[in-house]
>>> print(open('target-v3.txt').read())   # compact mmCIF, C-alpha atoms
# COMPACT_ATOMS: atom_id res chain seq x y z
CA MET A 24 -4.95 -14.41 -10.53
CA TRP A 25 -4.82 -10.78 -9.38
CA LEU A 26 -8.58 -10.34 -9.29
CA PRO A 27 -9.58 -13.41 -7.28
CA ASN A 28 -6.67 -12.91 -4.86
CA THR A 29 -7.61 -9.25 -4.33
CA LEU A 30 -11.25 -10.13 -3.75
CA ILE A 31 -10.25 -12.79 -1.21
CA ARG A 32 -8.07 -10.26 0.65
CA MET A 33 -11.16 -8.03 0.87
CA GLY A 34 -13.19 -10.86 2.39
CA ILE A 35 -15.12 -11.58 -0.79
CA VAL A 36 -15.67 -15.07 -2.15
CA PRO A 37 -15.21 -14.76 -5.93
CA LEU A 38 -17.27 -17.12 -8.06
CA ALA A 39 -15.94 -18.12 -11.47
CA ASP A 40 -18.34 -17.25 -14.27
CA PRO A 41 -19.24 -20.54 -15.99
CA THR A 42 -19.66 -18.80 -19.35
CA ASN A 43 -16.46 -16.75 -19.17
CA PRO A 44 -13.51 -18.33 -17.34
CA GLY A 45 -11.67 -14.99 -16.92
CA ARG A 46 -14.61 -13.27 -15.23
CA PHE A 47 -15.65 -13.54 -11.61
CA ASN A 48 -18.99 -12.83 -10.01
CA VAL A 49 -19.63 -11.59 -6.49
CA ASN A 50 -22.92 -12.44 -4.90
CA GLU A 51 -22.47 -10.15 -1.92
CA TRP A 52 -20.17 -7.47 -0.51
CA GLY A 53 -21.04 -5.20 2.35
CA GLY A 54 -24.47 -6.77 2.64
CA MET A 55 -25.34 -5.99 -0.97
CA ARG A 56 -25.28 -7.78 -4.29
CA CYS A 57 -22.66 -6.23 -6.54
CA GLU A 58 -20.96 -6.42 -9.92
CA VAL A 59 -17.19 -6.49 -10.29
CA HIS A 60 -15.29 -4.56 -12.96
CA VAL A 61 -11.55 -4.20 -13.50
CA LEU A 62 -10.17 -1.20 -15.36
CA ASP A 63 -6.60 -1.16 -16.62
CA LEU A 64 -5.94 2.57 -16.78
CA ASP A 65 -2.76 4.38 -17.76
CA PHE A 66 -1.31 4.47 -14.25
CA TYR A 67 -3.46 2.19 -12.10
CA THR A 68 -5.52 -0.94 -12.12
CA VAL A 69 -8.94 -0.09 -10.71
CA LEU A 70 -11.21 -2.56 -9.00
CA LEU A 71 -14.76 -1.29 -9.19
CA LEU A 72 -17.61 -2.82 -7.20
CA ALA A 73 -21.01 -1.55 -8.34
CA PHE A 74 -24.16 -2.04 -6.28
CA ASP A 75 -27.76 -0.89 -6.39
CA LEU A 76 -28.31 2.53 -4.83
CA ARG A 77 -31.61 1.44 -3.29
CA ASP A 78 -29.81 -1.27 -1.30
CA TYR A 79 -27.28 1.29 -0.10
CA PHE A 80 -29.94 3.79 0.96
CA ASP A 81 -31.84 1.01 2.73
CA GLN A 82 -28.67 0.32 4.74
CA ARG A 83 -28.30 4.02 5.57
CA ALA A 84 -31.93 4.21 6.70
CA GLU A 85 -31.53 1.14 8.90
CA ALA A 86 -28.34 2.55 10.45
CA THR A 87 -30.13 5.84 11.11
CA ARG A 88 -32.96 3.97 12.85
CA GLU A 89 -30.35 2.18 14.99
CA THR A 90 -28.83 5.56 15.91
CA ALA A 91 -32.24 6.83 16.97
CA ALA A 92 -32.60 3.69 19.10
CA GLY A 93 -29.36 4.50 20.93
CA ALA A 94 -26.63 2.86 18.84
CA THR A 95 -23.38 4.80 18.68
CA GLY A 96 -21.29 5.75 15.68
CA GLU A 97 -18.81 8.32 14.48
CA ASP A 98 -20.91 9.77 11.70
CA GLY A 99 -24.30 11.38 12.31
CA THR A 100 -25.62 9.87 9.08
CA ARG A 101 -24.25 6.51 10.17
CA ILE A 102 -22.22 5.55 7.08
CA ASP A 103 -19.82 3.95 9.54
CA GLY A 104 -22.71 1.93 10.93
CA THR A 105 -23.66 0.39 7.60
CA THR A 106 -22.52 -3.05 6.56
CA VAL A 107 -20.98 -1.63 3.39
CA GLY A 108 -19.19 1.09 5.40
CA ARG A 109 -17.62 -1.51 7.67
CA ALA A 110 -16.75 -3.70 4.66
CA PHE A 111 -15.07 -0.73 2.97
CA GLN A 112 -13.02 -0.01 6.10
CA VAL A 113 -11.93 -3.66 6.37
CA ALA A 114 -11.10 -3.83 2.64
CA CYS A 115 -8.90 -0.72 2.82
CA SER A 116 -6.97 -2.17 5.75
CA ALA A 117 -6.64 -5.55 4.04
CA LEU A 118 -5.36 -4.08 0.78
CA ALA A 119 -2.79 -1.75 2.38
CA PRO A 120 0.01 -1.16 1.44
CA ASP A 121 -0.93 -2.02 -2.15
CA LEU A 122 -3.84 0.41 -2.14
CA GLN A 123 -3.17 4.01 -3.19
CA ALA A 124 -6.69 5.42 -2.94
CA ALA A 125 -10.25 4.13 -2.70
CA PHE A 126 -13.64 5.76 -2.59
CA LEU A 127 -17.28 4.95 -2.06
CA HIS A 128 -19.32 6.91 -4.59
CA VAL A 129 -23.09 6.69 -4.38
CA HIS A 130 -24.36 9.19 -6.92
CA ARG A 131 -25.60 8.23 -10.36
CA VAL A 132 -23.26 9.05 -13.21
CA PRO A 133 -23.97 8.47 -16.90
CA ASP A 134 -20.90 6.26 -17.36
CA LEU A 135 -19.52 4.72 -14.18
CA LEU A 136 -16.39 3.28 -15.79
CA ARG A 137 -15.52 6.64 -17.38
CA PHE A 138 -16.09 8.38 -14.05
CA ALA A 139 -13.62 6.04 -12.33
CA ALA A 140 -11.08 6.71 -15.06
CA GLU A 141 -11.49 10.49 -14.57
CA VAL A 142 -10.74 10.18 -10.85
CA GLU A 143 -7.40 8.62 -11.81
CA LEU A 144 -6.07 12.09 -12.68
CA ASP A 145 -6.64 13.32 -9.12
CA VAL A 146 -4.86 10.25 -7.74
CA VAL A 147 -1.95 10.48 -10.20
CA THR A 148 -1.43 14.19 -9.50
CA VAL A 149 -1.74 13.54 -5.74
CA ASP A 150 -4.52 16.13 -5.51
CA GLY A 151 -6.01 15.30 -2.14
CA ASP A 152 -8.14 18.45 -2.04
CA ALA A 153 -9.76 17.56 -5.38
CA LEU A 154 -10.49 14.07 -4.06
CA LEU A 155 -12.01 15.53 -0.87
CA ASP A 156 -14.08 18.00 -2.90
CA ARG A 157 -15.65 15.20 -4.93
CA GLY A 158 -17.79 14.42 -1.89
CA PHE A 159 -17.26 10.67 -1.79
CA ASP A 160 -19.16 9.08 1.10
CA MET A 161 -15.89 7.42 2.11
CA LEU A 162 -12.40 8.22 0.87
CA TYR A 163 -9.25 6.25 1.65
CA LEU A 164 -5.85 7.80 1.02
CA THR A 165 -2.66 5.84 1.64
CA ASP A 166 -0.14 7.20 4.10
CA GLN A 167 2.67 6.25 1.69
CA VAL A 168 1.95 9.38 -0.37
CA ASP A 169 1.43 12.88 1.03
CA TYR A 170 -1.92 13.98 -0.34
CA ASP A 171 -1.55 17.19 1.67
CA VAL A 172 -5.06 17.07 3.12
CA ALA A 173 -4.16 17.90 6.73
CA GLY A 174 -4.62 21.66 6.18
CA THR A 175 -7.97 21.20 4.48
CA LEU A 176 -9.17 18.87 7.22
CA GLU A 177 -8.20 21.45 9.86
CA ILE A 178 -10.30 24.09 8.11
CA ARG A 179 -13.17 21.74 7.25
CA PRO A 180 -12.94 18.87 9.74
CA ARG A 181 -14.51 15.55 8.83
CA TYR A 182 -15.03 12.35 10.64
CA GLU A 183 -12.29 9.80 10.12
CA LEU A 184 -12.33 6.10 10.87
CA PRO A 185 -9.28 4.17 12.00
CA VAL A 186 -7.65 2.22 9.21
CA SER A 187 -4.17 0.79 8.88
CA GLY A 188 -1.97 2.23 6.17
CA GLY A 189 -3.75 5.51 5.58
CA ARG A 190 -6.68 7.83 6.27
CA LEU A 191 -10.34 6.98 5.88
CA VAL A 192 -12.32 10.21 5.63
CA LEU A 193 -16.10 10.41 5.65
CA ALA A 194 -18.00 12.89 3.50
CA ASP A 195 -19.96 14.56 6.23
CA THR A 196 -18.26 17.31 8.19
CA ARG A 197 -18.20 17.23 11.96
CA PRO A 198 -21.10 18.99 13.60
CA SER A 199 -20.03 22.20 15.33
>>> encode(input="target-v3.txt", output="structure tokens")
Amino acid sequence: MWLPNTLIRMGIVPLADPTNPGRFNVNEWGGMRCEVHVLDLDFYTVLLLAFDLRDYFDQRAEATRETAAGATGEDGTRIDGTTVGRAFQVACSALAPDLQAAFLHVHRVPDLLRFAAEVELDVVTVDGDALLDRGFDMLYLTDQVDYDVAGTLEIRPRYELPVSGGRLVLADTRPS
């Protein structure tokens, strides 16, 4: 019951797969159709939501048009103005304090599940700088563990969004 309960906490309505009772489908999250995967890694259980990059870039383009029309936002590229950006922020708040780290990764990788497993090392070793250097569009780090990113963020400031239970850092640095 972990998966459907977690999805519900994130504001997602999980749909039972009629052909596989242990699998759940998600028709929409953050304004996009997505697939759900669960990875049981050595140290963590990873919930992975995969969506089409074109849908994501369409959202970014729409948010950028809204910015040009006078809408406000923290991030010049308007990740915070996208539906998926807001959904990510809400999900991180909803899953705290059970959530250690979360990220929004939008670049193609040959094996998405393997990539997520590789990020586990940075989380397990509490390497906040390595997580920041990966360039995730959005990165959540719990405040229950000291990822020691304050110094890095002083040197290379980034936009942050308010979120309960941790820090939500955006990839783009603040304009000077």
>>> residues_near_point(input="target-v3.txt", point="(-12.6, 7.9, 0.7)", cutoff="8 Å", atoms="all atoms listed in the file", output="JSON, numbers by chain")
{"A": [124, 125, 126, 127, 155, 159, 160, 161, 162, 163, 164, 191, 192, 193, 194]}
>>> residues_around(input="target-v3.txt", residues="Glu141 of chain A", least_positions_apart="6", cutoff="12 Å", atoms="only C-alpha atoms", output="VMD selection string")
chain A and resid 62 64 to 67 69 132 134 to 135 147 to 148 153 to 154 157
>>> closest_residue(input="target-v3.txt", among="A:Ala139, A:Leu26, A:Val172, A:Cys57", to="Asp75 of chain A", atoms="all atoms listed in the file")
A:Cys57
>>> residues_around(input="target-v3.txt", residues="Leu118 of chain A", least_positions_apart="3", cutoff="10 Å", atoms="only C-alpha atoms", output="number ranges by chain")
A: 29-30, 32-33, 113-115, 121-123, 187-188
>>> closest_residue(input="target-v3.txt", among="A:Arg77, A:Thr42, A:Leu70, A:Glu143", to="Arg56 of chain A", atoms="all atoms listed in the file")
A:Arg77
>>> closest_residue(input="target-v3.txt", among="A:Val168, A:Ala73, A:Met55, A:Leu176", to="Val146 of chain A", atoms="all atoms listed in the file")
A:Val168
>>> atom_distance(input="target-v3.txt", atom1="atom CA of Gly53 of chain A", atom2="atom CA of Asp145 of chain A")
26.1 Å
>>> build_atoms(input="target-v3.txt", residues="segment 182-193 of chain A", atoms="all heavy atoms", output="mmCIF file, in the coordinates of the input")
data_model
loop_
_atom_site.group_PDB
_atom_site.id
_atom_site.type_symbol
_atom_site.label_atom_id
_atom_site.label_comp_id
_atom_site.auth_asym_id
_atom_site.auth_seq_id
_atom_site.Cartn_x
_atom_site.Cartn_y
_atom_site.Cartn_z
ATOM 1 N N TYR A 182 -15.235 13.565 9.888
ATOM 2 C CA TYR A 182 -15.030 12.350 10.640
ATOM 3 C C TYR A 182 -14.033 11.468 9.909
ATOM 4 O O TYR A 182 -14.039 11.405 8.683
ATOM 5 C CB TYR A 182 -16.343 11.581 10.811
ATOM 6 C CG TYR A 182 -17.293 12.222 11.760
ATOM 7 C CD1 TYR A 182 -18.442 12.834 11.301
ATOM 8 C CD2 TYR A 182 -17.041 12.211 13.123
ATOM 9 C CE1 TYR A 182 -19.336 13.424 12.187
ATOM 10 C CE2 TYR A 182 -17.925 12.805 14.012
ATOM 11 C CZ TYR A 182 -19.060 13.403 13.531
ATOM 12 O OH TYR A 182 -19.936 13.987 14.402
ATOM 13 N N GLU A 183 -13.212 10.780 10.684
ATOM 14 C CA GLU A 183 -12.290 9.800 10.120
ATOM 15 C C GLU A 183 -12.449 8.515 10.912
ATOM 16 O O GLU A 183 -12.712 8.537 12.112
ATOM 17 C CB GLU A 183 -10.847 10.286 10.195
ATOM 18 C CG GLU A 183 -10.571 11.464 9.285
ATOM 19 C CD GLU A 183 -9.093 11.817 9.204
ATOM 20 O OE1 GLU A 183 -8.274 10.908 8.941
ATOM 21 O OE2 GLU A 183 -8.770 12.991 9.421
ATOM 22 N N LEU A 184 -12.286 7.408 10.227
ATOM 23 C CA LEU A 184 -12.330 6.100 10.870
ATOM 24 C C LEU A 184 -10.927 5.526 10.903
ATOM 25 O O LEU A 184 -10.133 5.762 9.987
ATOM 26 C CB LEU A 184 -13.255 5.152 10.104
ATOM 27 C CG LEU A 184 -14.720 5.567 10.019
ATOM 28 C CD1 LEU A 184 -15.502 4.561 9.185
ATOM 29 C CD2 LEU A 184 -15.327 5.687 11.404
ATOM 30 N N PRO A 185 -10.610 4.769 11.944
ATOM 31 C CA PRO A 185 -9.280 4.170 12.000
ATOM 32 C C PRO A 185 -9.118 3.121 10.904
ATOM 33 O O PRO A 185 -10.013 2.326 10.649
ATOM 34 C CB PRO A 185 -9.235 3.524 13.391
ATOM 35 C CG PRO A 185 -10.661 3.360 13.801
ATOM 36 C CD PRO A 185 -11.441 4.419 13.080
ATOM 37 N N VAL A 186 -7.962 3.179 10.252
ATOM 38 C CA VAL A 186 -7.650 2.220 9.210
ATOM 39 C C VAL A 186 -6.128 2.117 9.120
ATOM 40 O O VAL A 186 -5.441 3.144 9.223
ATOM 41 C CB VAL A 186 -8.286 2.601 7.849
ATOM 42 C CG1 VAL A 186 -7.729 3.899 7.323
ATOM 43 C CG2 VAL A 186 -8.145 1.503 6.825
ATOM 44 N N SER A 187 -5.625 0.927 8.976
ATOM 45 C CA SER A 187 -4.170 0.790 8.880
ATOM 46 C C SER A 187 -3.716 1.210 7.488
ATOM 47 O O SER A 187 -4.395 0.991 6.500
ATOM 48 C CB SER A 187 -3.751 -0.658 9.154
ATOM 49 O OG SER A 187 -4.281 -1.524 8.183
ATOM 50 N N GLY A 188 -2.574 1.877 7.449
ATOM 51 C CA GLY A 188 -1.970 2.230 6.170
ATOM 52 C C GLY A 188 -2.430 3.513 5.537
ATOM 53 O O GLY A 188 -2.026 3.826 4.426
ATOM 54 N N GLY A 189 -3.295 4.284 6.216
ATOM 55 C CA GLY A 189 -3.750 5.510 5.580
ATOM 56 C C GLY A 189 -4.809 6.229 6.380
ATOM 57 O O GLY A 189 -4.940 6.035 7.584
ATOM 58 N N ARG A 190 -5.578 7.062 5.687
ATOM 59 C CA ARG A 190 -6.680 7.830 6.270
ATOM 60 C C ARG A 190 -7.972 7.396 5.609
ATOM 61 O O ARG A 190 -8.024 7.260 4.394
ATOM 62 C CB ARG A 190 -6.518 9.318 6.004
ATOM 63 C CG ARG A 190 -5.285 9.951 6.547
ATOM 64 C CD ARG A 190 -5.311 11.427 6.219
ATOM 65 N NE ARG A 190 -5.966 12.111 7.314
ATOM 66 C CZ ARG A 190 -5.506 13.239 7.859
ATOM 67 N NH1 ARG A 190 -4.447 13.809 7.381
ATOM 68 N NH2 ARG A 190 -6.135 13.787 8.871
ATOM 69 N N LEU A 191 -9.011 7.268 6.401
ATOM 70 C CA LEU A 191 -10.340 6.980 5.880
ATOM 71 C C LEU A 191 -11.251 8.108 6.317
ATOM 72 O O LEU A 191 -11.606 8.229 7.485
ATOM 73 C CB LEU A 191 -10.835 5.624 6.377
ATOM 74 C CG LEU A 191 -12.170 5.145 5.843
ATOM 75 C CD1 LEU A 191 -12.218 5.201 4.323
ATOM 76 C CD2 LEU A 191 -12.445 3.733 6.315
ATOM 77 N N VAL A 192 -11.581 8.981 5.371
ATOM 78 C CA VAL A 192 -12.320 10.210 5.630
ATOM 79 C C VAL A 192 -13.760 10.021 5.170
ATOM 80 O O VAL A 192 -14.018 9.502 4.077
ATOM 81 C CB VAL A 192 -11.674 11.391 4.864
ATOM 82 C CG1 VAL A 192 -12.428 12.683 5.125
ATOM 83 C CG2 VAL A 192 -10.206 11.521 5.218
ATOM 84 N N LEU A 193 -14.691 10.484 6.004
ATOM 85 C CA LEU A 193 -16.100 10.410 5.650
ATOM 86 C C LEU A 193 -16.545 11.739 5.051
ATOM 87 O O LEU A 193 -15.978 12.790 5.341
ATOM 88 C CB LEU A 193 -16.943 10.090 6.885
ATOM 89 C CG LEU A 193 -16.542 8.835 7.659
ATOM 90 C CD1 LEU A 193 -17.472 8.619 8.826
ATOM 91 C CD2 LEU A 193 -16.502 7.623 6.762
#
